[in-house]
file upload07.txt (compact mmCIF, C-alpha atoms and all ligand atoms)
# COMPACT_ATOMS: atom_id res chain seq x y z
CA MET A 239 -30.06 -56.46 36.85
CA LYS A 240 -30.18 -53.22 38.82
CA ASN A 241 -26.66 -52.36 37.62
CA SER A 242 -27.40 -52.97 33.91
CA LEU A 243 -30.60 -50.86 34.14
CA SER A 244 -28.72 -47.91 35.60
CA ALA A 245 -26.06 -48.34 32.89
CA ILE A 246 -28.77 -48.12 30.16
CA VAL A 247 -30.34 -45.02 31.79
CA PHE A 248 -26.93 -43.36 32.10
CA GLY A 249 -26.13 -44.25 28.43
CA LEU A 250 -29.39 -42.74 27.18
CA PHE A 251 -28.86 -39.60 29.25
CA PHE A 252 -25.27 -39.27 27.95
CA ALA A 253 -26.37 -39.72 24.30
CA ALA A 254 -29.17 -37.16 24.70
CA SER A 255 -26.87 -34.56 26.24
CA ALA A 256 -24.23 -35.18 23.54
CA MET A 257 -26.85 -34.67 20.79
CA SER A 258 -28.19 -31.49 22.38
CA ALA A 259 -24.62 -30.15 22.61
CA GLU A 260 -24.04 -30.79 18.88
CA GLU A 261 -27.31 -29.45 17.51
CA PRO A 262 -28.19 -25.95 18.70
CA LYS A 263 -31.89 -25.37 19.19
CA ILE A 264 -32.90 -23.01 16.39
CA VAL A 265 -35.56 -20.50 17.46
CA GLU A 266 -37.79 -19.32 14.62
CA HIS A 267 -38.58 -15.59 14.52
CA ASN A 268 -41.84 -15.20 12.62
CA GLN A 269 -43.80 -12.68 14.70
CA LEU A 270 -42.17 -9.48 13.56
CA MET A 271 -43.71 -6.05 13.75
CA ASP A 272 -44.00 -4.23 10.40
CA HIS A 273 -42.51 -0.73 10.74
CA GLY A 274 -43.31 0.20 7.13
CA ASP A 275 -41.13 0.44 4.01
CA GLY A 276 -40.25 -3.25 4.29
CA HIS A 277 -38.66 -2.82 7.72
CA LEU A 278 -39.70 -5.52 10.21
CA MET A 279 -38.41 -6.17 13.74
CA ASP A 280 -39.16 -8.16 16.86
CA MET A 281 -38.24 -7.64 20.51
CA GLU A 282 -35.64 -10.43 20.41
CA GLY A 283 -33.53 -8.60 17.84
CA GLY A 284 -34.80 -10.24 14.67
CA MET A 285 -34.72 -7.81 11.74
CA ILE A 286 -35.72 -7.69 8.07
CA MET A 287 -34.88 -4.66 5.96
CA GLY A 288 -36.08 -4.15 2.38
CA GLN A 289 -38.83 -6.78 2.45
CA ASN A 290 -40.80 -6.69 -0.81
CA LYS A 291 -43.24 -9.41 -1.78
CA ASP A 292 -45.30 -7.67 -4.46
CA LYS A 293 -43.84 -4.40 -5.83
CA LEU A 294 -42.35 -5.03 -9.28
CA PRO A 295 -39.04 -3.28 -10.01
CA ALA A 296 -38.87 -1.18 -13.21
CA GLY A 297 -38.37 -3.43 -16.23
CA CYS A 298 -40.16 -6.43 -14.68
CA ASP A 299 -43.61 -7.13 -16.22
CA LYS A 300 -44.18 -9.94 -13.74
CA VAL A 301 -42.36 -12.09 -11.22
CA SER A 302 -40.31 -14.45 -13.41
CA GLU A 303 -40.26 -17.21 -10.82
CA ASP A 304 -40.52 -17.88 -7.08
CA VAL A 305 -37.31 -19.19 -5.58
CA LYS A 306 -36.79 -20.23 -1.97
CA ILE A 307 -33.29 -20.68 -0.59
CA GLU A 308 -32.05 -21.67 2.83
CA VAL A 309 -28.79 -20.10 3.99
CA ARG A 310 -26.97 -21.44 7.03
CA ALA A 311 -24.46 -19.22 8.80
CA GLY A 312 -21.92 -19.95 11.50
CA HIS A 313 -18.40 -20.67 12.61
CA LYS A 314 -18.94 -24.31 11.56
CA TYR A 315 -19.07 -23.33 7.86
CA SER A 316 -15.66 -21.61 8.00
CA LYS A 317 -13.97 -25.02 8.23
CA GLN A 318 -14.38 -25.61 4.49
CA HIS A 319 -12.30 -22.43 3.80
CA PRO A 320 -8.98 -22.47 5.73
CA GLY A 321 -8.02 -19.09 7.18
CA THR A 322 -11.62 -17.97 7.81
CA MET A 323 -13.53 -17.81 11.10
CA PHE A 324 -17.15 -17.31 10.00
CA GLY A 325 -19.01 -18.54 6.97
CA PHE A 326 -22.18 -19.23 5.02
CA ASP A 327 -22.86 -22.82 3.91
CA LYS A 328 -22.88 -21.54 0.29
CA ASN A 329 -21.08 -18.54 -1.15
CA GLU A 330 -22.85 -18.05 -4.48
CA TRP A 331 -26.47 -18.18 -5.58
CA ARG A 332 -27.77 -17.70 -9.14
CA VAL A 333 -31.29 -16.56 -10.00
CA LYS A 334 -33.14 -15.14 -13.03
CA PRO A 335 -33.93 -11.41 -13.30
CA CYS A 336 -37.29 -10.45 -11.68
CA THR A 337 -37.14 -13.49 -9.36
CA ARG A 338 -39.10 -13.29 -6.12
CA LEU A 339 -36.47 -14.64 -3.76
CA THR A 340 -37.36 -15.87 -0.28
CA ILE A 341 -34.38 -16.44 1.98
CA THR A 342 -34.58 -18.43 5.19
CA PHE A 343 -31.52 -17.39 7.11
CA ILE A 344 -30.42 -19.81 9.83
CA ASN A 345 -27.81 -18.49 12.25
CA GLU A 346 -26.30 -21.44 14.13
CA ASP A 347 -23.91 -19.39 16.29
CA ASN A 348 -24.55 -17.76 19.65
CA VAL A 349 -23.69 -14.37 18.15
CA ARG A 350 -25.38 -12.01 15.73
CA HIS A 351 -25.13 -12.63 11.97
CA GLN A 352 -26.61 -11.01 8.90
CA TRP A 353 -27.39 -11.88 5.30
CA MET A 354 -27.02 -8.42 3.83
CA MET A 355 -27.00 -7.51 0.16
CA HIS A 356 -26.02 -4.21 -1.42
CA GLY A 357 -26.44 -2.41 -4.74
CA LEU A 358 -30.24 -2.58 -5.11
CA PRO A 359 -32.05 0.37 -6.74
CA LYS A 360 -32.71 3.00 -4.07
CA PHE A 361 -36.11 4.01 -5.47
CA MET A 362 -37.40 0.62 -4.27
CA TYR A 363 -35.05 -0.50 -1.55
CA ASP A 364 -34.17 2.03 1.13
CA LYS A 365 -30.36 2.58 1.19
CA GLY A 366 -30.06 0.08 -1.70
CA MET A 367 -30.06 -2.80 0.76
CA PHE A 368 -31.95 -5.91 1.70
CA HIS A 369 -31.00 -7.58 4.93
CA LEU A 370 -31.87 -10.31 7.41
CA GLU A 371 -30.37 -10.19 10.87
CA ILE A 372 -30.70 -12.42 13.90
CA THR A 373 -28.89 -13.40 17.09
CA GLY A 374 -28.45 -17.16 17.03
CA PRO A 375 -29.20 -19.91 17.26
CA ALA A 376 -32.26 -18.73 15.33
CA LYS A 377 -33.84 -18.40 11.93
CA ILE A 378 -35.65 -15.65 10.08
CA THR A 379 -37.25 -15.48 6.64
CA GLY A 380 -37.51 -12.51 4.27
CA THR A 381 -38.51 -11.89 0.66
CA LEU A 382 -37.50 -9.47 -2.09
CA ILE A 383 -38.04 -9.14 -5.84
CA LEU A 384 -34.83 -8.77 -7.80
CA PRO A 385 -34.44 -6.09 -10.49
CA ALA A 386 -34.49 -6.85 -14.22
CA GLU A 387 -30.83 -6.12 -14.94
CA ASP A 388 -27.99 -8.64 -15.08
CA LYS A 389 -26.02 -7.85 -11.97
CA THR A 390 -23.82 -9.45 -9.29
CA TYR A 391 -24.71 -8.38 -5.75
CA LEU A 392 -22.39 -8.53 -2.77
CA VAL A 393 -23.83 -10.46 0.16
CA HIS A 394 -22.13 -10.31 3.54
CA CYS A 395 -22.43 -10.09 7.31
CA ASP A 396 -21.75 -6.52 8.43
CA GLU A 397 -20.96 -7.37 12.07
CA ALA A 398 -17.42 -6.13 12.82
CA GLN A 399 -14.81 -8.35 11.11
CA HIS A 400 -17.32 -11.06 10.08
CA MET A 401 -16.97 -10.32 6.35
CA GLU A 402 -13.18 -9.99 6.60
CA LYS A 403 -13.13 -13.35 8.40
CA GLY A 404 -15.09 -15.16 5.68
CA MET A 405 -18.79 -14.26 5.83
CA LYS A 406 -18.95 -13.04 2.25
CA ALA A 407 -20.85 -14.27 -0.81
CA GLN A 408 -22.41 -13.12 -4.08
CA LEU A 409 -25.87 -13.30 -5.60
CA VAL A 410 -25.72 -13.45 -9.39
CA VAL A 411 -28.86 -12.22 -11.17
CA GLY A 412 -29.13 -13.27 -14.83
CA LYS A 413 -25.68 -13.15 -16.46
CA GLY A 414 -24.35 -11.09 -13.55
CA SER A 415 -21.86 -8.21 -13.84
CA GLY A 416 -18.61 -9.98 -13.01
CA SER A 417 -17.47 -11.40 -9.69
CA PHE A 418 -16.28 -9.94 -6.40
CA PRO A 419 -12.78 -10.84 -5.22
CA SER A 420 -12.12 -12.92 -2.10
CA ILE A 421 -15.42 -14.80 -2.10
CA PRO A 422 -14.45 -17.97 -0.18
CA GLY A 423 -14.41 -20.97 -2.49
CA VAL A 424 -15.57 -18.88 -5.48
CA THR A 425 -12.97 -16.24 -6.40
CA ASP A 426 -9.28 -15.67 -5.66
CA PRO A 427 -8.38 -13.48 -2.69
CA ALA A 428 -7.59 -9.84 -3.50
CA ILE A 429 -4.46 -10.11 -1.32
CA PRO A 430 -3.25 -13.72 -1.16
CA ASP A 431 -1.77 -14.89 2.14
CA ASN A 432 1.96 -15.48 1.91
CA TYR A 433 3.66 -17.16 4.85
CA GLY A 434 7.03 -17.63 3.06
CA PRO A 435 10.24 -15.61 3.66
CA GLY A 436 9.48 -11.89 3.41
CA GLY A 437 5.84 -12.87 3.03
CA ASN A 438 4.46 -10.32 5.47
CA GLN A 439 4.78 -7.54 2.88
CA PRO A 440 2.15 -5.81 0.76
CA PRO A 441 2.31 -7.13 -2.83
CA LYS A 442 4.36 -5.08 -5.27
CA PRO A 443 2.36 -3.58 -8.15
CA ALA A 444 3.07 -5.32 -11.44
CA ALA A 445 5.48 -3.45 -13.73
CA VAL A 446 3.48 -1.67 -16.43
CA PRO A 447 5.30 -1.20 -19.74
CA VAL A 448 5.17 2.46 -20.78
CA ALA A 449 4.71 3.03 -24.49
CA ALA A 450 6.24 6.12 -26.10
CA LYS A 451 3.56 8.70 -26.95
CA PRO A 452 3.20 9.73 -30.62
CA GLY A 453 5.79 12.36 -31.52
CA GLU A 454 7.83 11.64 -28.41
CA LYS A 455 11.46 10.64 -28.63
CA PRO A 456 11.66 6.86 -28.23
CA THR A 457 13.29 5.67 -25.03
CA THR A 458 17.01 5.22 -25.55
CA PRO A 459 18.72 1.92 -24.70
CA ALA A 460 20.83 3.82 -22.14
CA ALA A 461 17.68 5.17 -20.43
CA SER A 462 16.20 1.68 -20.38
CA ALA A 463 19.42 0.38 -18.82
CA ALA A 464 19.23 3.13 -16.19
CA ASN A 465 15.60 2.23 -15.44
CA VAL A 466 16.46 -1.44 -15.14
CA ALA A 467 19.38 -0.63 -12.82
CA THR A 468 17.17 1.63 -10.65
CA ALA A 469 14.45 -1.03 -10.55
CA ALA A 470 17.00 -3.70 -9.60
CA VAL A 471 18.34 -1.55 -6.76
CA GLU A 472 14.79 -0.69 -5.58
CA ASP A 473 13.76 -4.32 -5.82
CA SER A 474 16.53 -5.76 -3.68
CA SER A 475 15.04 -5.67 -0.19
CA GLY A 476 17.46 -8.13 1.43
CA PHE A 477 20.44 -7.26 3.66
CA PHE A 478 22.90 -7.27 0.72
CA SER A 479 20.93 -4.81 -1.36
CA GLY A 480 22.41 -3.33 -4.54
CA SER A 481 23.01 0.09 -2.97
CA LEU A 482 24.78 -1.46 0.06
CA ILE A 483 27.17 -3.42 -2.20
CA ILE A 484 27.91 -0.33 -4.34
CA GLY A 485 28.55 1.69 -1.15
CA LEU A 486 30.92 -0.92 0.32
CA LEU A 487 32.88 -1.22 -2.97
CA ALA A 488 33.17 2.57 -3.27
CA GLY A 489 34.40 2.73 0.35
CA PHE A 490 37.07 0.01 -0.10
CA VAL A 491 38.38 1.48 -3.37
CA GLY A 492 38.05 5.16 -2.46
CA ALA A 493 39.25 5.27 1.17
CA PRO A 494 43.03 4.67 0.59
CA PHE A 495 42.98 7.17 -2.29
CA LEU A 496 41.27 9.77 -0.05
CA PHE A 497 43.73 9.29 2.84
CA ARG A 498 46.73 9.75 0.47
CA LEU A 499 45.20 12.91 -1.00
CA ILE A 500 44.60 14.42 2.49
CA GLU A 501 48.14 13.54 3.53
CA GLU A 502 49.64 15.20 0.42
CA ARG A 503 47.53 18.37 0.53
CA CYS A 504 47.45 19.04 4.26
CA LYS A 505 50.95 17.90 5.31
CA GLY A 506 52.92 20.02 7.83
CA MET A 507 49.91 22.16 8.88
CA THR A 508 48.80 22.93 12.47
CA THR A 509 45.97 20.71 13.74
CA ALA A 510 43.32 23.43 13.17
CA ASP A 511 44.57 24.21 9.65
CA ALA A 512 44.85 20.50 8.81
CA LEU A 513 41.22 20.01 9.90
CA LYS A 514 40.09 22.99 7.78
CA CYS A 515 42.11 21.69 4.82
CA THR A 516 40.58 18.19 5.19
CA LEU A 517 37.04 19.61 5.34
CA GLN A 518 37.69 21.75 2.24
CA LEU A 519 39.03 18.71 0.41
CA LEU A 520 35.98 16.61 1.35
CA THR A 521 33.64 19.43 0.22
CA ASP A 522 35.45 19.72 -3.13
CA LEU A 523 35.30 15.96 -3.58
CA PHE A 524 31.57 15.85 -2.76
CA ASN A 525 30.85 18.66 -5.27
CA ALA A 526 32.88 16.86 -7.93
CA ILE A 527 30.90 13.62 -7.35
CA VAL A 528 27.57 15.53 -7.55
CA ARG A 529 28.68 17.11 -10.86
CA VAL A 530 29.70 13.71 -12.33
CA VAL A 531 26.45 12.04 -11.22
CA SER A 532 24.40 14.97 -12.56
CA TRP A 533 26.16 14.75 -15.90
CA LEU A 534 25.52 10.99 -16.03
CA VAL A 535 21.81 11.41 -15.23
CA ARG A 536 21.55 14.11 -17.94
CA ARG A 537 23.26 11.88 -20.49
CA LEU A 538 21.18 8.79 -19.60
CA THR A 539 17.70 10.35 -19.42
CA GLY A 540 17.97 13.34 -21.73
CA LYS A 541 16.45 15.49 -18.96
CA ASP A 542 18.13 18.09 -16.87
CA LYS A 543 15.29 19.09 -14.56
CA LEU A 544 16.86 17.17 -11.65
CA LEU A 545 19.93 19.39 -11.73
CA PRO A 546 20.52 22.67 -9.93
CA LYS A 547 21.36 25.51 -12.32
CA ASP A 548 25.02 26.54 -12.23
CU CU B 1 -21.80 -12.37 11.23

call {"tool": "encode", "arguments": {"input": "upload07.txt", "output": "structure tokens"}}
result
Amino acid sequence: MKNSLSAIVFGLFFAASAMSAEEPKIVEHNQLMDHGDGHLMDMEGGMIMGQNKDKLPAGCDKVSEDVKIEVRAGHKYSKQHPGTMFGFDKNEWRVKPCTRLTITFINEDNVRHQWMMHGLPKFMYDKGMFHLEITGPAKITGTLILPAEDKTYLVHCDEAQHMEKGMKAQLVVGKGSGSFPSIPGVTDPAIPDNYGPGGNQPPKPAAVPVAAKPGEKPTTPAASAANVATAAVEDSSGFFSGSLIIGLLAGFVGAPFLFRLIEERCKGMTTADALKCTLQLLTDLFNAIVRVVSWLVRRLTGKDKLLPKD
């Protein structure tokens, strides 16, 4: 009897401690000091910036509707978006123009998080911002009236690296003004992760076709071929790149020819003279190659600005 009673007590204690470990105790911050211009703070680090409950933005005859949202923030919400570390429980909210929006921001982490929006008119909202900020686990509530225009506002946490690691969202007012990239679960990333071979490279810009301007000579097929060849050489980033293969081929074909030429021209000379003769021969050869390549470039592109004047 005594044993089973202690087992029940231990079980209850264990369950209670497990529950308290899972659910952080959220402290509500609702005794903030008003510092004027919609800026409110408390001694525990709670902050509201841009609070506006009654001033109508230009173009709003009245508050169109009162909307209350609850936003949860924390590491826990990053799990729904692989590759992120922080997150909001939702990443997009839609409201009508002139809505009075009240946001209850619940930070479930033991660090500081923000619900910060940008792009508001500066005549009403200092620095064009509205923001809620709190060190968790805690919650804070703020209100603003949204302008009359259709616009998409960026919402994020501005703590170092929190936005980059997933704490990013958008608030769409009316029809909005497009979407921001890399909003987790909403829009495609601006730079997609690529863990494949050669994946750790910045993406190459897409090739843009260049149309001939009016009155300009149309691009010749030869010039196009030259462009394609250049692009192909530039594009090959592997070990056996185009330029490496061309260089090896030129070496294999040209080397025996070069040795025979040196032997013929510089035969029977003293070592010093033979060296001088060889150098002269190499210089002449190099100049000849430059002239041939220059001529080719001139023929292919119709331009001669790359060439030194003779
Ligand atoms: Cu944060």

call {"tool": "atom_distance", "arguments": {"input": "upload07.txt", "atom1": "atom CA of Val491 of chain A", "atom2": "atom CA of Thr508 of chain A"}}
result
28.6 Å

call {"tool": "closest_residue", "arguments": {"input": "upload07.txt", "among": "A:Gly404, A:Gly274, A:Pro295, A:Gly423", "to": "ligand CU 1 (chain B)", "atoms": "all atoms listed in the file"}}
result
A:Gly404

call {"tool": "atom_distance", "arguments": {"input": "upload07.txt", "atom1": "atom CA of Gly276 of chain A", "atom2": "atom CA of Phe368 of chain A"}}
result
9.1 Å

call {"tool": "atom_distance", "arguments": {"input": "upload07.txt", "atom1": "atom CA of Glu330 of chain A", "atom2": "atom CA of Gly312 of chain A"}}
result
16.1 Å

call {"tool": "residues_around", "arguments": {"input": "upload07.txt", "residues": "Gln269 of chain A", "least_positions_apart": "5", "cutoff": "12 Å", "atoms": "only C-alpha atoms", "output": "short mmCIF file (atom, residue, chain, number, x, y, z; two decimals) with C-alpha atoms, in the coordinates of the input"}}
result
data_model
loop_
_atom_site.label_atom_id
_atom_site.label_comp_id
_atom_site.auth_asym_id
_atom_site.auth_seq_id
_atom_site.Cartn_x
_atom_site.Cartn_y
_atom_site.Cartn_z
CA LEU A 278 -39.70 -5.52 10.21
CA MET A 279 -38.41 -6.17 13.74
CA ASP A 280 -39.16 -8.16 16.86
CA MET A 281 -38.24 -7.64 20.51
CA GLU A 282 -35.64 -10.43 20.41
CA GLY A 283 -33.53 -8.60 17.84
CA GLY A 284 -34.80 -10.24 14.67
CA MET A 285 -34.72 -7.81 11.74
CA ILE A 286 -35.72 -7.69 8.07
CA LYS A 377 -33.84 -18.40 11.93
CA ILE A 378 -35.65 -15.65 10.08
CA THR A 379 -37.25 -15.48 6.64
#

call {"tool": "residues_near_point", "arguments": {"input": "upload07.txt", "point": "(-28.6, -16.8, 17.8)", "cutoff": "9 Å", "atoms": "all atoms listed in the file", "output": "PyMOL selection string"}}
result
chain A and resi 264-265+344-351+372-377

call {"tool": "residues_near_ligand", "arguments": {"input": "upload07.txt", "ligand": "ligand CU 1 (chain B)", "cutoff": "10 Å", "atoms": "only C-alpha atoms and all ligand atoms", "output": "number ranges by chain"}}
result
A: 311-313, 323-326, 345, 347, 349-354, 371-373, 394-401, 403-406

call {"tool": "closest_residue", "arguments": {"input": "upload07.txt", "among": "A:Thr390, A:Asp299, A:Pro422, A:Lys306", "to": "Asp327 of chain A", "atoms": "all atoms listed in the file"}}
result
A:Pro422

call {"tool": "residues_near_point", "arguments": {"input": "upload07.txt", "point": "(-33.3, -7.7, -14.6)", "cutoff": "6 Å", "atoms": "only C-alpha atoms", "output": "list of chain:residue names"}}
result
A:Pro335, A:Cys336, A:Pro385, A:Ala386, A:Glu387, A:Asp388

call {"tool": "closest_atom_pairs", "arguments": {"input": "upload07.txt", "of": "segment 273-372 of chain A", "to": "segment 424-432 of chain A", "cutoff": "10 Å", "atoms": "only C-alpha atoms", "output": "CSV"}}
result
residue,atom,partner,partner_atom,distance
A:Gly321,CA,A:Asp431,CA,9.1
A:Lys328,CA,A:Val424,CA,9.7
A:Asn329,CA,A:Val424,CA,7.0
A:Glu330,CA,A:Val424,CA,7.4

call {"tool": "closest_residue", "arguments": {"input": "upload07.txt", "among": "A:Ile421, A:Leu358, A:Leu339, A:Val393", "to": "His319 of chain A", "atoms": "only C-alpha atoms"}}
result
A:Ile421

call {"tool": "residues_around", "arguments": {"input": "upload07.txt", "residues": "Glu308 of chain A", "least_positions_apart": "6", "cutoff": "8 Å", "atoms": "only C-alpha atoms", "output": "PyMOL selection string"}}
result
chain A and resi 341-344

call {"tool": "closest_residue", "arguments": {"input": "upload07.txt", "among": "A:Val528, A:Leu496, A:Ala407, A:Val305", "to": "Val333 of chain A", "atoms": "all atoms listed in the file"}}
result
A:Val305

call {"tool": "closest_residue", "arguments": {"input": "upload07.txt", "among": "A:Val410, A:Lys514, A:His277, A:Leu487", "to": "Ile500 of chain A", "atoms": "all atoms listed in the file"}}
result
A:Lys514
